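Input: a single structure, listed below in structure tokens.
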Amino acid sequence: MDELTKEFLAESLEGLDRMDQCLTDLEQRPHDKDLLAEIFRSVHTIKGTTGFLGFGRLERLAHAGETLLGSLRDGRLTVNPELVGGLLQLMDGLRAILRLIETTGKEGSRASDDDSELIKLMEYLNRSGEDDAEAATHPAKRHDTAGSGEKSAGSGNSAVGSSGASEKTLRIDVDVLNRMMNLVGELVLTRNQIIQSNGDSASFPQLARRLDSVTADLRETVMQARMQPVGHVFGKFPRMVRDLALSCGKSVRIDFSGQETGLDKSLLEAIKDPLTHAVRNAIDHGIEDPRTRALAGKALEGVVCLRAYQHNGSVVIEVEDDGGGIPTARVLEKALERGLITPEQADAMTEREAQQLIFHAGFSTAAKLTHISGRGVGMDVVVANVAKVGGTVEVESHEGKGTLLRLRVPLTLAIVRALVVRSGGQSFCLPQSALAELVYVPWREAEEKVEWIGAAELFRLRDQLLPMVRLDRMLGLEGEGKRQSHGFYLVVLEVEGCRYGLVVEDLMAPEEIVVKPLSPVLREIGLFSGATVLGSGALAMILDIAAIGLRAGVRSLSQEIVVAEKSATALTGPVAAASSSFLIFEDQWSGERMERLALPLSVVVRIESVALREVEYAGDQALLQYRGELLPLEDRGGVLSELDAEGTATVLICQSQGGTGRSAGRRMGMVVRRVVEVANGDLMEANAEICSERLAMVNDRLTVVHEAFTAGERLRDVA
Amino acid sequence: MRVVAIGEGEDGLSMCSLISGGRLFGIDTRTIREVLGSAQMNRVPLAPAYVGGVIAYRGEVVTAVSLRALLGQARADTHGCVLVLDGDENEERFGLIVDSVGGVVMVERAMMSTNPSTLDDASRALFNGAFRTPEGLMVQLDPERLRPMSIAATGLFGQPQRSGGMQEGESRCGH
């Protein structure tokens, strides 16, 4: 295939993918002239180019479509679902021919490759308009010349990867490429200088600095070139949602936010399928049919919301629907039936944990379950695919309100920040993402802080027992490290719900490492996720933190909590899950200083910035319309009264935990002055003699726990 | 020397001679990508016994197989020599650790004698046959059979070890 054809294919396929979106948009905004003109141009470009390249079949089909679009543009036809459906069929038809050309180099001449029906459909649609509007002019003539010379609408910098051609190609801004070339030139110059310096120590530090900045720049530029907005993947959803909703007899709208969030090209490809699956699930099983929605008092049109944003060095993509949610009871019932959990486990499970069961591999095969419970069709596949690129999936669901699926993927695969540690006389890398904290334990303190339960070593960290894993012992390197140390380091790691302390001899500097894959023989060991070359030139293995925890038998945190909660409930009531994360915020002046208050992080759903004019009042009660529900606002510090009309207030959207029936997931908004931080702390037991308010020890400081938390409890008690 | 007189052609084969544990081996020169001399070898905890370690080679992490470990010979006291072997396309590169590398020897294809039937399974899995050379019998190694994955597939050479111990000596062979 010659270059020209290849280019034409890539460009046309891209254009068609965009057209899908344009057409669904058109259905929403039938009078948008620009949109129509764009669609028209795109089809026209295809027609023009095909004639030029000698693809007669494609040209005929494109021509029929163009005629129809022309009538539409001139206002002889009005946009209706039938018309949009026909045009979407046209796009599919064009796409099929393009694919055929891509694979065979020819546009096909067999009997099955006949478009006459599609062409007839175009003509029929066109006539139906003419009958209505009684337009006199014959449309076919005018459009041969109309819009000629116009630029292809589909030739933006997009590379929607639904076709073979565009999966392997990437459009890069020439500026970026030029910058890369300049940097490579710079790199060569620096190398020359280093060679010529002959190890002259005087100029060496300067050269090293220069090399450092050049490599950093170069790396950043290459990464930047690989980054693609996630919008490219989102782009194909409106069409899919439209088709699916129609076939299910539901009315669904799709909303986007954060399309411009960048993600590495390879990762983008990797999450495309899981995301498609998630959206399909949301429509197929999440959103109820209009009747059920009407009965539940919801808007007839369901909403699927796709959000993307960066968070903590990873990209988070959320798929949220306002459908029926996951019926926890049913999930548990089915899990019991299938023997995935024991009745004792089922009793101990929180709602959240039960929902995570849908990711269990066994669930996807239970056909019966998919009908009644609505979720879990191949969810394990979604998790597996996302995990392949180092990502995670979590689900949040409220029965009757909807489901939120959260995909978390790293920004890039190639370079990660890592901590280099030494154990057994060797260096190893620990991905920084899993690192919670570092503790140095001198030998003299080790005795009192390390406790034993049977053969298991536990470290007492701020009155919490942490399982200890000795790296040298696990790797069979015992007794090979240096002897004369004063203590050891405990690297506290947290991954996939597991939390443990890894005992290492020494810490080296953190480094940005380039991850290299390992040979299958070494991958089979199961404890290393890759290898890297350190700054010193030595190779170091990258430790697979989850696998090490697993092999050492560390239970996942959620399992621990079940045990903890079970034993704790008996003692102190529902708020006993010992340590948890707190959101610290400032609320009101108490005399001289700003009072710091804490809320358990599990209660806070979102932190929103709300314009004052959005706050409404019913009597004295401030209310906020938030995503279709009415939230009571609490304003202890009188923040709202201090704001001027144009100001915005920070509102914590809080939700009571657990509970059943009506109180489950009841929300409220809390107006605060400033959010300070999120920190780990321990909730103290209530003691009326010392203080009437609940206290928590956060960062070794006593902090008052806001009473909204107890309000949450109240809600639960009512239930 | 008679063997040198034969040019590479239909019958000629150019072999690189290697020494491991005092025995002479040969490997087809066309499969050798580079001879690294004593490269910095990094041992891998818990790796199978035949894996001598990993080396950084042109932006890749290459797994090196220790010939001594494969032959069940005692560990070397001296620094070894690493050959980077490059077999078929689409296959990973790997390293081979030997005691030392001799030179290029031309042999006649027809002169190869096949493995004797009395050879044990382990050796049979590694050797192609042998050539008679003035220096003695040169056993031909087959790169395809030395590939870490092929070795693992035979199941004859030390399964992945869960305890340490074997790395001690292997690492010495590196640097």
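Chains: A, B, ... in order of the structure tokens. Residues: from 1 per chain. Ligands: from 1, in order shown.
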Exercise. Chain A residues within 8 Å of chain B, counting only C-alpha atoms: which ones, as an NGL selection string?
Worked result: :A and (475-477 or 516-522 or 525 or 531-533 or 538-541)
For this session: Fewer than 3 positions away in the same chain doesn't count, so skip those; otherwise give me all residues within 10 Å of Asp173 (chain A), counting only C-alpha atoms, as a list in words.
Result: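 So, after excluding close chain neighbours, the residues are Asn157, Leu170, Val176, Leu177, Asn178 and Ala225 of chain A.
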Exercise. CA of Ala208 (chain A) and CA of Leu189 (chain A) are how many Å apart?
Worked result: 12.6 Å
For this session: List every residue of region 389-526 of chain A that DSSP, applied to the backbone, labels as alpha helix (DSSP H), and write the result as number ranges by chain.
Result: A: 443-449, 471-474, 520-523
For this session: Do a neighbour search on region 116-130 of chain B at 6 Å with only C-alpha atoms, toss out local chain neighbours closer than 3 positions, and write the hits as a count of residues only.
Result: 8
Contact residues around region 392-394 of chain A with only C-alpha atoms at 7 Å, ignoring same-chain residues under 2 positions, as a JSON list (two decimals) with C-alpha atoms, in the first residue's frame:
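Heads up, here's the output in part-v4.json:
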```json
[["chain", "number", "residue", "atom", "x", "y", "z"],
["A", 383, "VAL", "CA", -9.70, -5.68, 37.07],
["A", 386, "VAL", "CA", -6.21, -2.64, 34.60],
["A", 387, "ALA", "CA", -3.91, -4.53, 36.95],
["A", 390, "GLY", "CA", -0.22, -1.47, 37.34],
["A", 396, "GLU", "CA", -18.55, 2.42, 45.35],
["A", 405, "LEU", "CA", -16.37, 2.55, 39.32],
["A", 406, "ARG", "CA", -12.95, 4.03, 39.82],
["A", 407, "LEU", "CA", -10.01, 3.05, 37.63],
["A", 408, "ARG", "CA", -6.64, 4.21, 38.82],
["A", 409, "VAL", "CA", -3.70, 3.90, 36.45]]
```
Problem set entry | Sel. of strand (DSSP E) residues, region 302-491 of chain A, as a ChimeraX atom specification | /A:302-311,314-321,392-398,402-410,415-423,426-431,435-442,450-453,456-461,464-470,487-491
For this session: Identify, on the basis of only C-alpha atoms, every residue whose closest approach to Arg73 (chain A) does not exceed 9 Å; exclude the query and any residue fewer than 3 positions from it along the same chain; express the result as a ChimeraX atom specification.
Result: /A:33,36-37,40,68-70,76-77
Could those residues be written to a file, using N, CA and C atoms, as a PDB file, in the first residue's frame?
```
ATOM      1  N   LYS A  33     -25.529  24.553  13.222  1.00  0.00           N
ATOM      2  CA  LYS A  33     -25.074  24.618  11.825  1.00  0.00           C
ATOM      3  C   LYS A  33     -23.606  24.228  11.683  1.00  0.00           C
ATOM      4  N   LEU A  36     -23.133  20.493  11.735  1.00  0.00           N
ATOM      5  CA  LEU A  36     -23.598  19.912  10.487  1.00  0.00           C
ATOM      6  C   LEU A  36     -22.569  20.137   9.389  1.00  0.00           C
ATOM      7  N   ALA A  37     -22.042  21.361   9.373  1.00  0.00           N
ATOM      8  CA  ALA A  37     -21.056  21.692   8.347  1.00  0.00           C
ATOM      9  C   ALA A  37     -19.817  20.817   8.506  1.00  0.00           C
ATOM     10  N   PHE A  40     -20.568  17.369   7.210  1.00  0.00           N
ATOM     11  CA  PHE A  40     -20.645  17.434   5.761  1.00  0.00           C
ATOM     12  C   PHE A  40     -19.253  17.457   5.143  1.00  0.00           C
ATOM     13  N   LEU A  68     -27.415  13.407   1.078  1.00  0.00           N
ATOM     14  CA  LEU A  68     -28.341  13.481   2.199  1.00  0.00           C
ATOM     15  C   LEU A  68     -27.941  14.591   3.169  1.00  0.00           C
ATOM     16  N   LEU A  69     -26.647  14.626   3.466  1.00  0.00           N
ATOM     17  CA  LEU A  69     -26.162  15.642   4.401  1.00  0.00           C
ATOM     18  C   LEU A  69     -26.367  17.045   3.837  1.00  0.00           C
ATOM     19  N   GLY A  70     -26.236  17.124   2.501  1.00  0.00           N
ATOM     20  CA  GLY A  70     -26.431  18.422   1.839  1.00  0.00           C
ATOM     21  C   GLY A  70     -27.839  18.930   2.081  1.00  0.00           C
ATOM     22  N   ARG A  76     -33.517  21.419   4.183  1.00  0.00           N
ATOM     23  CA  ARG A  76     -34.660  20.742   3.575  1.00  0.00           C
ATOM     24  C   ARG A  76     -35.116  19.559   4.412  1.00  0.00           C
ATOM     25  N   LEU A  77     -34.217  19.095   5.272  1.00  0.00           N
ATOM     26  CA  LEU A  77     -34.562  17.965   6.143  1.00  0.00           C
ATOM     27  C   LEU A  77     -34.399  18.419   7.590  1.00  0.00           C
TER      28      LEU A  77
END
```
Nearby residues (only C-alpha atoms) at most 6 Å from region 11-25 of chain B, same-chain spacing under 4 positions excluded, as a tab-separated table (two decimals) with C-alpha atoms, in the first residue's frame:
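Below you can see out-v9.tsv, which holds the result:
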```tsv
chain	number	residue	atom	x	y	z
B	7	GLY	CA	37.02	-21.89	4.55
B	29	THR	CA	30.10	-17.63	15.91
B	98	VAL	CA	32.17	-19.43	30.75
B	99	ASP	CA	35.67	-19.49	32.22
B	100	SER	CA	37.38	-18.11	29.17
B	101	VAL	CA	37.02	-17.69	25.44
B	102	GLY	CA	39.62	-19.13	23.10
B	103	GLY	CA	39.35	-18.05	19.50
B	104	VAL	CA	37.62	-18.73	16.24
B	105	VAL	CA	38.10	-22.25	14.90
B	106	MET	CA	36.94	-23.44	11.49
B	107	VAL	CA	35.59	-26.93	11.42
B	108	GLU	CA	34.10	-29.15	8.80
B	109	ARG	CA	30.43	-29.80	9.20
B	138	MET	CA	35.34	-29.78	21.04
B	139	VAL	CA	31.75	-30.22	22.15
B	140	GLN	CA	29.32	-28.12	20.18
```
Exercise. Which residues, written as a PyMOL selection string, have at least one atom at most 7 Å from Ile32 (chain B), with only C-alpha atoms counted and residues fewer than 4 positions away on the same chain left out?
Worked result: chain B and resi 83-86
Save out the residues we just selected, C-alpha atoms, as a CSV table (one decimal), in the first residue's frame.
```csv
chain,number,residue,atom,x,y,z
B,83,LEU,CA,29.0,-14.0,25.9
B,84,VAL,CA,25.9,-12.4,24.7
B,85,LEU,CA,24.0,-14.7,22.5
B,86,ASP,CA,21.4,-13.7,20.0
```
Problem set entry | Atomic separation - CA of Ile584 (chain A) relative to CA of Pro600 (chain A), Å |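 About the pair CA of Pro600 (chain A) and CA of Ile584 (chain A): they are 8.8 Å apart.
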Exercise. Please, what distance in Å, to one decimal, runs between CA of Val303 (chain A) and CA of Leu612 (chain A)?
Worked result: 26.2 Å
Problem set entry | Residue with smallest distance to Gly37 (chain B) - pool B:Leu137, B:Ala69, B:Leu156, B:Ile97, counting only C-alpha atoms |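 Looking at the shortest contact to Gly37 (chain B), the residue is B:Ile97.
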